[in-house]
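K.L.:
One file is attached below, input_1.txt, containing compact mmCIF, C-alpha atoms and all ligand atoms.
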```
# COMPACT_ATOMS: atom_id res chain seq x y z
CA MET A 1 1.11 32.36 -21.25
CA MET A 2 -1.31 34.27 -19.02
CA PHE A 3 -1.28 31.28 -16.64
CA SER A 4 2.51 31.16 -16.24
CA THR A 5 3.04 34.92 -16.07
CA VAL A 6 0.06 35.92 -13.91
CA MET A 7 -1.72 32.98 -12.25
CA ARG A 8 1.27 30.82 -11.30
CA PRO A 9 3.18 33.58 -9.43
CA ALA A 10 -0.06 34.68 -7.74
CA LEU A 11 -0.90 31.12 -6.61
CA LEU A 12 2.66 30.52 -5.37
CA ALA A 13 2.54 33.79 -3.40
CA ALA A 14 -0.87 32.76 -1.98
CA ALA A 15 0.66 29.40 -0.94
CA ARG A 16 2.62 31.36 1.68
CA SER A 17 -0.14 33.73 2.80
CA PRO A 18 -1.85 32.89 6.13
CA ARG A 19 -4.79 35.14 5.18
CA VAL A 20 -5.51 33.32 1.91
CA GLU A 21 -4.91 30.02 3.73
CA ARG A 22 -7.70 30.81 6.21
CA THR A 23 -10.08 31.60 3.36
CA VAL A 24 -9.25 28.59 1.16
CA THR A 25 -9.19 26.02 3.98
CA GLY A 26 -12.49 27.36 5.31
CA MET A 27 -14.37 26.59 2.06
CA ALA A 28 -16.44 23.42 2.24
CA SER A 29 -15.99 22.66 -1.47
CA THR A 30 -12.16 22.78 -1.21
CA ARG A 31 -11.92 19.56 0.78
CA LYS A 32 -13.50 17.49 -1.99
CA VAL A 33 -10.87 18.72 -4.45
CA VAL A 34 -8.04 18.26 -1.96
CA ARG A 35 -8.88 14.55 -1.72
CA ARG A 36 -7.79 14.14 -5.33
CA PHE A 37 -4.22 15.09 -4.37
CA VAL A 38 -4.03 14.12 -0.67
CA ALA A 39 -4.58 10.56 0.62
CA GLY A 40 -6.41 11.59 3.80
CA GLU A 41 -5.73 13.06 7.19
CA SER A 42 -4.51 10.11 9.29
CA GLU A 43 -1.77 7.47 9.24
CA ALA A 44 -4.51 4.87 8.65
CA HIS A 45 -5.58 6.72 5.47
CA ALA A 46 -1.96 6.91 4.28
CA ALA A 47 -1.36 3.20 4.95
CA HIS A 48 -4.58 2.30 3.14
CA ALA A 49 -3.62 4.32 0.02
CA THR A 50 -0.10 2.85 0.14
CA ALA A 51 -1.40 -0.73 0.33
CA ALA A 52 -3.52 -0.08 -2.79
CA LEU A 53 -0.49 1.30 -4.67
CA LEU A 54 1.64 -1.73 -3.73
CA GLU A 55 -1.18 -3.96 -4.91
CA SER A 56 -1.05 -2.25 -8.34
CA GLY A 57 2.72 -2.87 -8.62
CA ARG A 58 3.71 0.67 -7.64
CA TYR A 59 6.09 1.76 -4.89
CA ALA A 60 5.28 4.64 -2.56
CA SER A 61 6.90 7.56 -0.80
CA ILE A 62 4.70 8.89 1.99
CA ASP A 63 4.86 12.48 3.19
CA TYR A 64 3.26 13.81 6.36
CA LEU A 65 2.20 17.27 5.19
CA GLY A 66 3.56 20.32 6.97
CA GLU A 67 6.23 22.95 6.38
CA ASP A 68 7.66 26.22 7.71
CA THR A 69 7.30 25.12 11.34
CA THR A 70 8.18 27.90 13.79
CA ASP A 71 7.32 26.02 16.95
CA LEU A 72 9.42 23.25 18.55
CA GLU A 73 6.38 21.39 19.88
CA GLN A 74 4.91 21.24 16.38
CA ALA A 75 8.21 19.88 15.01
CA ARG A 76 8.17 17.17 17.71
CA ALA A 77 4.55 16.35 16.86
CA THR A 78 5.62 15.87 13.22
CA VAL A 79 8.30 13.38 14.32
CA ALA A 80 5.64 11.50 16.33
CA HIS A 81 3.42 11.29 13.23
CA TYR A 82 6.31 9.81 11.22
CA LEU A 83 7.02 7.22 13.95
CA THR A 84 3.35 6.15 13.97
CA LEU A 85 3.35 6.06 10.16
CA LEU A 86 6.47 3.87 10.11
CA GLU A 87 4.81 1.41 12.51
CA SER A 88 1.90 1.04 10.05
CA LEU A 89 4.23 0.75 7.05
CA ALA A 90 6.25 -2.01 8.75
CA GLU A 91 3.15 -4.20 8.46
CA LEU A 92 2.94 -3.84 4.66
CA PRO A 93 4.88 -6.10 2.24
CA GLY A 94 8.58 -5.23 2.50
CA ALA A 95 11.65 -5.20 0.28
CA ALA A 96 12.38 -8.09 -2.06
CA GLY A 97 15.69 -6.84 -3.49
CA GLU A 98 17.89 -3.83 -2.97
CA VAL A 99 15.19 -1.36 -3.98
CA ARG A 100 12.84 -0.66 -1.10
CA PRO A 101 9.17 -0.38 -2.18
CA LEU A 102 8.40 1.93 0.73
CA GLU A 103 9.92 5.28 1.48
CA VAL A 104 8.98 8.29 3.55
CA SER A 105 9.65 11.84 2.37
CA LEU A 106 10.56 14.54 4.89
CA LYS A 107 10.52 18.31 4.74
CA LEU A 108 13.21 19.62 7.07
CA SER A 109 11.26 22.85 7.59
CA ALA A 110 8.55 20.73 9.23
CA LEU A 111 11.18 19.23 11.54
CA GLY A 112 12.39 22.59 12.85
CA GLN A 113 14.98 23.74 10.26
CA SER A 114 13.68 27.31 10.36
CA LEU A 115 13.53 27.64 14.16
CA PRO A 116 15.48 30.75 15.13
CA ARG A 117 18.17 29.08 17.24
CA ASP A 118 19.83 25.77 16.27
CA GLY A 119 17.14 25.07 13.66
CA GLN A 120 19.46 23.00 11.47
CA ALA A 121 20.73 20.92 14.42
CA ILE A 122 17.18 20.34 15.68
CA ALA A 123 16.00 19.24 12.23
CA LEU A 124 19.00 16.88 11.97
CA GLU A 125 18.26 15.31 15.36
CA HIS A 126 14.59 14.85 14.42
CA ALA A 127 15.48 13.38 11.01
CA GLN A 128 17.93 10.97 12.69
CA LYS A 129 15.12 9.63 14.90
CA ILE A 130 12.92 9.09 11.85
CA CYS A 131 15.76 7.42 9.91
CA ALA A 132 16.45 5.02 12.81
CA ALA A 133 12.77 3.99 12.87
CA ALA A 134 12.74 3.73 9.05
CA ALA A 135 15.82 1.45 9.15
CA ALA A 136 14.01 -0.84 11.60
CA ALA A 137 10.91 -0.89 9.36
CA GLY A 138 12.87 -1.55 6.11
CA VAL A 139 11.75 1.80 4.68
CA TRP A 140 13.87 4.33 2.79
CA VAL A 141 13.95 8.08 3.60
CA THR A 142 14.25 10.93 1.09
CA VAL A 143 14.62 14.55 2.16
CA ASP A 144 12.48 16.91 0.03
CA ALA A 145 13.82 20.14 -1.48
CA GLU A 146 12.17 23.41 -0.42
CA ASP A 147 12.90 27.00 -1.39
CA HIS A 148 16.46 27.98 -2.40
CA THR A 149 17.26 29.66 0.93
CA THR A 150 17.27 26.18 2.50
CA THR A 151 19.29 24.26 -0.11
CA ASP A 152 22.74 24.50 1.53
CA SER A 153 21.35 23.66 4.95
CA THR A 154 19.31 20.74 3.57
CA LEU A 155 22.29 19.26 1.72
CA ALA A 156 24.41 19.60 4.89
CA VAL A 157 21.77 17.74 6.94
CA VAL A 158 21.53 15.02 4.26
CA ARG A 159 25.34 14.59 4.29
CA ALA A 160 25.24 14.17 8.09
CA LEU A 161 22.34 11.69 7.89
CA ARG A 162 24.11 9.61 5.24
CA ALA A 163 27.06 9.06 7.61
CA ASP A 164 24.77 6.76 9.66
CA PHE A 165 22.12 5.90 7.07
CA PRO A 166 23.88 5.72 3.68
CA TRP A 167 20.60 5.00 1.83
CA VAL A 168 19.10 8.43 2.63
CA GLY A 169 18.21 10.24 -0.57
CA THR A 170 17.51 13.86 -1.41
CA VAL A 171 15.94 16.05 -4.08
CA LEU A 172 17.50 18.44 -6.58
CA GLN A 173 15.44 21.03 -8.46
CA ALA A 174 16.32 21.57 -12.13
CA TYR A 175 15.09 25.20 -12.07
CA LEU A 176 17.96 26.25 -9.79
CA LEU A 177 21.06 27.51 -11.61
CA ARG A 178 23.28 25.60 -9.16
CA THR A 179 21.69 22.18 -9.71
CA GLU A 180 23.81 20.96 -12.62
CA GLY A 181 26.87 21.32 -10.34
CA ASP A 182 25.03 19.63 -7.46
CA CYS A 183 24.14 16.71 -9.76
CA ARG A 184 27.81 16.29 -10.62
CA ASP A 185 28.80 16.37 -6.94
CA LEU A 186 26.04 14.02 -5.83
CA SER A 187 26.01 11.34 -8.53
CA GLY A 188 28.63 9.11 -6.89
CA PRO A 189 28.23 5.50 -5.72
CA GLY A 190 25.30 4.91 -3.36
CA SER A 191 23.65 8.28 -3.90
CA ARG A 192 19.87 8.48 -4.36
CA ILE A 193 18.80 11.69 -6.04
CA ARG A 194 15.24 12.61 -6.96
CA LEU A 195 15.32 15.08 -9.82
CA CYS A 196 12.30 17.37 -10.14
CA LYS A 197 11.74 20.68 -11.93
CA GLY A 198 11.02 22.62 -8.71
CA ALA A 199 7.77 23.90 -7.23
CA TYR A 200 8.54 27.22 -5.46
CA ARG A 201 8.58 30.82 -6.59
CA GLU A 202 12.25 31.71 -7.03
CA PRO A 203 14.02 34.89 -8.13
CA ALA A 204 15.88 35.18 -11.45
CA GLY A 205 19.23 35.47 -9.66
CA VAL A 206 19.05 31.83 -8.55
CA ALA A 207 16.59 30.09 -10.87
CA TYR A 208 15.65 29.73 -14.53
CA GLN A 209 12.31 31.45 -15.14
CA HIS A 210 11.23 30.11 -18.51
CA ARG A 211 9.80 26.71 -19.18
CA ASP A 212 12.23 25.93 -22.05
CA GLU A 213 15.25 26.78 -19.89
CA ILE A 214 13.93 24.65 -17.01
CA ASP A 215 13.28 21.71 -19.32
CA ALA A 216 16.75 22.02 -20.87
CA SER A 217 18.30 22.08 -17.39
CA TYR A 218 16.24 19.03 -16.37
CA LEU A 219 17.61 17.10 -19.36
CA ARG A 220 21.24 18.09 -18.65
CA CYS A 221 20.84 17.09 -14.99
CA LEU A 222 19.15 13.81 -15.89
CA ASP A 223 21.96 12.93 -18.29
CA ILE A 224 24.54 13.56 -15.53
CA LEU A 225 22.64 11.44 -13.00
CA MET A 226 22.02 8.59 -15.45
CA ARG A 227 25.73 8.49 -16.39
CA GLY A 228 26.67 8.66 -12.70
CA GLN A 229 26.94 5.81 -10.21
CA GLY A 230 23.96 6.51 -7.99
CA TYR A 231 20.26 5.69 -8.18
CA PRO A 232 18.39 8.44 -10.08
CA MET A 233 14.72 9.03 -9.24
CA VAL A 234 13.05 10.71 -12.19
CA ALA A 235 10.22 12.79 -10.69
CA THR A 236 8.09 14.29 -13.44
CA HIS A 237 4.75 13.92 -15.23
CA ASP A 238 6.16 15.45 -18.40
CA PRO A 239 6.01 13.08 -21.43
CA LEU A 240 9.10 14.74 -22.96
CA MET A 241 11.19 14.19 -19.83
CA LEU A 242 9.94 10.59 -19.51
CA GLU A 243 10.85 9.78 -23.10
CA ALA A 244 14.28 11.39 -22.69
CA ALA A 245 14.84 9.37 -19.51
CA PHE A 246 14.37 6.11 -21.42
CA GLY A 247 16.93 7.35 -23.98
CA TYR A 248 19.51 8.16 -21.28
CA VAL A 249 18.86 4.79 -19.62
CA ARG A 250 19.60 3.02 -22.90
CA SER A 251 22.75 4.98 -23.68
CA ALA A 252 24.08 4.58 -20.11
CA ARG A 253 23.09 0.86 -20.25
CA ARG A 254 21.30 1.14 -16.94
CA ASP A 255 19.62 -1.88 -15.49
CA PRO A 256 15.88 -1.29 -14.68
CA ASP A 257 16.73 -1.88 -11.01
CA ARG A 258 19.10 1.09 -10.99
CA PHE A 259 16.65 3.97 -11.46
CA GLU A 260 12.99 4.74 -10.91
CA PHE A 261 10.22 7.09 -12.03
CA GLN A 262 8.19 9.06 -9.52
CA MET A 263 4.84 10.84 -9.82
CA LEU A 264 2.45 12.51 -7.42
CA TYR A 265 -0.65 10.88 -5.95
CA GLY A 266 -3.71 11.67 -8.07
CA ILE A 267 -1.74 12.83 -11.11
CA ARG A 268 -1.53 10.84 -14.37
CA ASP A 269 -2.71 7.63 -12.77
CA GLU A 270 -3.06 5.85 -16.13
CA GLU A 271 0.49 6.82 -17.08
CA GLN A 272 1.73 5.53 -13.72
CA ARG A 273 0.15 2.13 -14.45
CA ARG A 274 1.52 2.14 -18.01
CA LEU A 275 5.07 2.73 -16.77
CA VAL A 276 4.77 -0.12 -14.28
CA ALA A 277 3.67 -2.37 -17.17
CA THR A 278 6.94 -1.52 -19.02
CA CYS A 279 8.76 -3.10 -16.03
CA ALA A 280 10.00 0.27 -14.80
CA HIS A 281 9.92 1.03 -11.07
CA LEU A 282 7.32 3.73 -10.45
CA ARG A 283 6.97 5.32 -7.04
CA THR A 284 3.94 7.43 -6.15
CA TYR A 285 4.44 10.29 -3.71
CA VAL A 286 1.57 10.07 -1.21
CA PRO A 287 0.92 13.16 0.92
CA TYR A 288 -1.41 12.96 3.92
CA GLY A 289 -2.28 15.03 6.97
CA ASP A 290 -4.38 18.09 7.71
CA GLN A 291 -1.76 20.72 6.79
CA TRP A 292 -2.36 20.32 3.07
CA TYR A 293 -2.67 23.99 2.13
CA GLY A 294 0.88 24.79 0.79
CA TYR A 295 1.11 21.46 -1.07
CA PHE A 296 -2.35 21.91 -2.60
CA MET A 297 -1.66 25.48 -3.79
CA ARG A 298 1.60 24.39 -5.46
CA ARG A 299 -0.38 21.74 -7.41
CA LEU A 300 -2.89 24.40 -8.53
CA ALA A 301 0.01 26.59 -9.65
CA GLU A 302 1.45 23.82 -11.82
CA ARG A 303 -1.26 23.41 -14.38
CA PRO A 304 -4.29 25.34 -15.66
CA ALA A 305 -6.29 22.06 -15.67
CA ASN A 306 -5.71 21.60 -11.91
CA LEU A 307 -6.91 25.15 -11.24
CA ALA A 308 -9.92 24.64 -13.53
CA PHE A 309 -10.79 21.43 -11.64
CA PHE A 310 -10.71 23.42 -8.37
CA LEU A 311 -12.80 26.29 -9.78
CA ARG A 312 -15.38 23.84 -11.17
CA SER A 313 -15.97 22.56 -7.64
CA PHE A 314 -17.77 25.85 -6.89
CA GLY A 315 -20.33 25.10 -9.58
CA PRO A 316 -23.60 23.25 -9.12
CA GLY A 317 -23.34 19.65 -7.84
P1 LIG A 401 5.22 20.28 -15.74
O1 LIG A 401 6.29 21.18 -16.27
O2 LIG A 401 4.33 20.79 -14.65
O3 LIG A 401 4.30 19.79 -16.92
C1 LIG A 401 4.89 19.34 -18.15
C2 LIG A 401 3.93 18.47 -18.89
O4 LIG A 401 3.63 17.29 -18.13
C3 LIG A 401 2.57 19.10 -19.15
O5 LIG A 401 2.60 19.95 -20.26
C4 LIG A 401 1.73 17.86 -19.39
O6 LIG A 401 1.96 17.34 -20.68
C5 LIG A 401 2.29 16.89 -18.38
N1 LIG A 401 1.52 16.96 -17.14
C6 LIG A 401 1.86 17.59 -16.00
N2 LIG A 401 0.89 17.44 -15.07
C7 LIG A 401 -0.09 16.73 -15.65
C8 LIG A 401 -1.37 16.27 -15.25
N3 LIG A 401 -1.87 16.56 -14.03
N4 LIG A 401 -2.11 15.56 -16.11
C9 LIG A 401 -1.66 15.29 -17.36
N5 LIG A 401 -0.46 15.73 -17.81
C10 LIG A 401 0.31 16.42 -16.99
N6 LIG A 401 9.20 19.96 -6.04
C11 LIG A 401 10.04 20.54 -5.15
O7 LIG A 401 10.31 21.74 -5.26
N7 LIG A 401 10.60 19.81 -4.12
C12 LIG A 401 10.36 18.48 -3.98
O8 LIG A 401 10.90 17.86 -3.05
C13 LIG A 401 9.50 17.85 -4.91
N8 LIG A 401 9.23 16.52 -4.82
C14 LIG A 401 8.49 15.93 -5.82
C15 LIG A 401 8.30 14.55 -5.80
C16 LIG A 401 7.66 13.92 -6.84
C17 LIG A 401 7.49 12.43 -6.81
C18 LIG A 401 7.17 14.67 -7.96
C19 LIG A 401 6.52 14.02 -9.12
C20 LIG A 401 7.32 16.04 -7.95
C21 LIG A 401 7.95 16.68 -6.89
N9 LIG A 401 8.09 18.07 -6.88
C22 LIG A 401 8.92 18.64 -5.94
C23 LIG A 401 7.28 18.92 -7.79
C24 LIG A 401 8.04 19.24 -9.05
O9 LIG A 401 9.09 20.12 -8.77
C25 LIG A 401 7.11 19.91 -10.10
O10 LIG A 401 6.57 21.07 -9.56
C26 LIG A 401 5.98 19.04 -10.57
O11 LIG A 401 6.35 17.70 -10.67
C27 LIG A 401 5.47 19.53 -11.94
O12 LIG A 401 6.48 19.40 -12.91
P2 LIG A 401 6.46 18.25 -14.04
O13 LIG A 401 7.87 17.83 -14.28
O14 LIG A 401 5.59 17.15 -13.59
O15 LIG A 401 5.90 18.87 -15.35
```
Kindly transcribe the structure held in the file into structure tokens.
P.N.:
Amino acid sequence: MMFSTVMRPALLAAARSPRVERTVTGMASTRKVVRRFVAGESEAHAAHATAALLESGRYASIDYLGEDTTDLEQARATVAHYLTLLESLAELPGAAGEVRPLEVSLKLSALGQSLPRDGQAIALEHAQKICAAAAAAGVWVTVDAEDHTTTDSTLAVVRALRADFPWVGTVLQAYLLRTEGDCRDLSGPGSRIRLCKGAYREPAGVAYQHRDEIDASYLRCLDILMRGQGYPMVATHDPLMLEAAFGYVRSARRDPDRFEFQMLYGIRDEEQRRLVATCAHLRTYVPYGDQWYGYFMRRLAERPANLAFFLRSFGPG
């Protein structure tokens, strides 16, 4: 209780504080802990981790870390990282059927969405370049969900991208009050929706605040997506959500090729392998890059055990 009412909001606020960022990223012991959740700093590290996942029967979605870019040059540098990444991914084993084993995940705020003038148009142009390179490499693209102030803009960019690249997917967050409606709107033929609970600190006017409400919303949204005509991507580590997903799959008579599970790199690795052994598609989200701070803090905010693991790193050894 203390964790969700005190620690989680404090960690999520710290995730956006440049002052705390300087302190946390400056600590030598932090880097060791970060490596549990982040595959490394370079495209070579990301490709290496991805190859190992493919070898174990898992699929991967690779994310070049970065967000809240306020500088056009930095947004262009992010595009360049994705293009280099896609060149490395093109050398890994490709698609056998309709489901592509490799995907990249993008945050539009890293591509310029929040730039003061024409941010949305700039992010769209950057995402189009990445999608064209992904198409050539046989790799899917999914656009991540960020805080609620960006949701309308992100869905507009995704709609525009899908006009040229109909396989582009996006993410809906069950904690937002609007998401059940978005699931209904976006569960048509050809859609690819990743459903997650949501990782940002959101006000009560737009988001459920209590765990039970968020879980109930997740289940309603999952049911809609599973009964829909698209390709649901069930992104959660929660055993209750996973069990419910199998139930919805059975009642909607979904073929195993028409949905997938997704989990984060470094989290519930055994469970990831177990799901693959049940013949389900399991995609691991692989973040890499040196701007890991915001991502790392959101992982600490999710679970007391993650925070304890971090705090233990200050101990002897
Ligand atoms: P929680 O509610 O955090 O935990 C529920 C239960 O799951 C726990 O009680 C425990 O039993 C089990 N569990 C959770 N973590 C662990 C663990 N480390 N070890 C053992 N058991 C555990 N959020 C966004 O806002 N935007 C995005 O674009 C986005 N993309 C994502 C992509 C993927 C592939 C995934 C998996 C998550 C993504 N998220 C994203 C994060 C997501 O919103 C949640 O913050 C995060 O997944 C934690 O929620 P949960 O459903 O896993 O379960």
K.L.:
Name all residues at most 10 Å from segment 127-131 of chain A (count only C-alpha atoms; drop same-chain ones fewer than 3 positions away) and give them as number ranges by chain.
P.N.:
A: 79-83, 86, 104, 106-108, 111-112, 121-124, 134-137, 139-143, 157-158, 160-162, 164-165, 167-168
K.L.:
For ligand LIG 401 (chain A), what centre and edge lengths in Å (one decimal) does the axis-aligned box get once 5 Å is added on each side of all its listed atoms, as AutoDock Vina command-line options?
P.N.:
```
--center_x 4.4 --center_y 17.1 --center_z -11.9 --size_x 23.0 --size_y 19.3 --size_z 27.6
```
K.L.:
Excluding segment 25-37 of chain A and residues on its chain fewer than 6 positions from it, collect all residues at most 8 Å away from it, counting all atoms listed in the file, and give them as a compact mmCIF listing (two decimals) with C-alpha atoms, in the coordinates of the input.
P.N.:
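The resulting selection-v8.txt:
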```txt
# COMPACT_ATOMS: atom_id res chain seq x y z
CA LEU A 264 2.45 12.51 -7.42
CA TYR A 265 -0.65 10.88 -5.95
CA GLY A 266 -3.71 11.67 -8.07
CA ILE A 267 -1.74 12.83 -11.11
CA PRO A 287 0.92 13.16 0.92
CA TRP A 292 -2.36 20.32 3.07
CA TYR A 293 -2.67 23.99 2.13
CA PHE A 296 -2.35 21.91 -2.60
CA PHE A 309 -10.79 21.43 -11.64
CA PHE A 310 -10.71 23.42 -8.37
CA SER A 313 -15.97 22.56 -7.64
CA PHE A 314 -17.77 25.85 -6.89
```
K.L.:
What's the separation between atom CA of Arg268 of chain A and atom C6 of ligand LIG 401 (chain A), in Å to one decimal place?
P.N.:
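According to the coordinates, atom CA of Arg268 of chain A and atom C6 of ligand LIG 401 (chain A) are separated by 7.7 Å.
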K.L.:
Nearest to Tyr248 of chain A: which of A:Ile193, A:Ala280, A:Met226, A:Ala305 is it, counting only C-alpha atoms?
P.N.:
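Once distances to Tyr248 of chain A are computed over only C-alpha atoms, the minimum belongs to A:Met226.
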K.L.:
Could you make a table, as a Markdown table, of the residues of chain A that have an atom within 7 Å of an atom of ligand LIG 401 (chain A), each with its nearest atom pair and distance in Å to one decimal, counting all atoms listed in the file, in chain and number order?
P.N.:
```
| residue | atom | partner | partner_atom | distance |
| --- | --- | --- | --- | --- |
| A:Asp144 | CA | A:LIG401 | O8 | 3.6 |
| A:Ala145 | CA | A:LIG401 | O8 | 4.0 |
| A:Glu146 | CA | A:LIG401 | N7 | 5.4 |
| A:Val171 | CA | A:LIG401 | O8 | 5.5 |
| A:Gln173 | CA | A:LIG401 | O7 | 6.1 |
| A:Cys196 | CA | A:LIG401 | O9 | 4.4 |
| A:Lys197 | CA | A:LIG401 | O9 | 4.2 |
| A:Gly198 | CA | A:LIG401 | O9 | 3.2 |
| A:Ala199 | CA | A:LIG401 | O10 | 3.9 |
| A:Tyr200 | CA | A:LIG401 | O7 | 5.8 |
| A:Ala235 | CA | A:LIG401 | C19 | 4.2 |
| A:Thr236 | CA | A:LIG401 | O13 | 3.6 |
| A:His237 | CA | A:LIG401 | O14 | 3.7 |
| A:Asp238 | CA | A:LIG401 | O4 | 3.1 |
| A:Pro239 | CA | A:LIG401 | O4 | 5.9 |
| A:Gln262 | CA | A:LIG401 | C17 | 4.4 |
| A:Met263 | CA | A:LIG401 | C19 | 3.7 |
| A:Leu264 | CA | A:LIG401 | C19 | 4.7 |
| A:Ile267 | CA | A:LIG401 | N3 | 4.7 |
| A:Arg268 | CA | A:LIG401 | N4 | 5.1 |
| A:Thr284 | CA | A:LIG401 | C17 | 6.2 |
| A:Tyr285 | CA | A:LIG401 | C17 | 4.8 |
| A:Glu302 | CA | A:LIG401 | O2 | 5.0 |
| A:Arg303 | CA | A:LIG401 | O2 | 6.2 |
| A:Asn306 | CA | A:LIG401 | N3 | 6.7 |
```
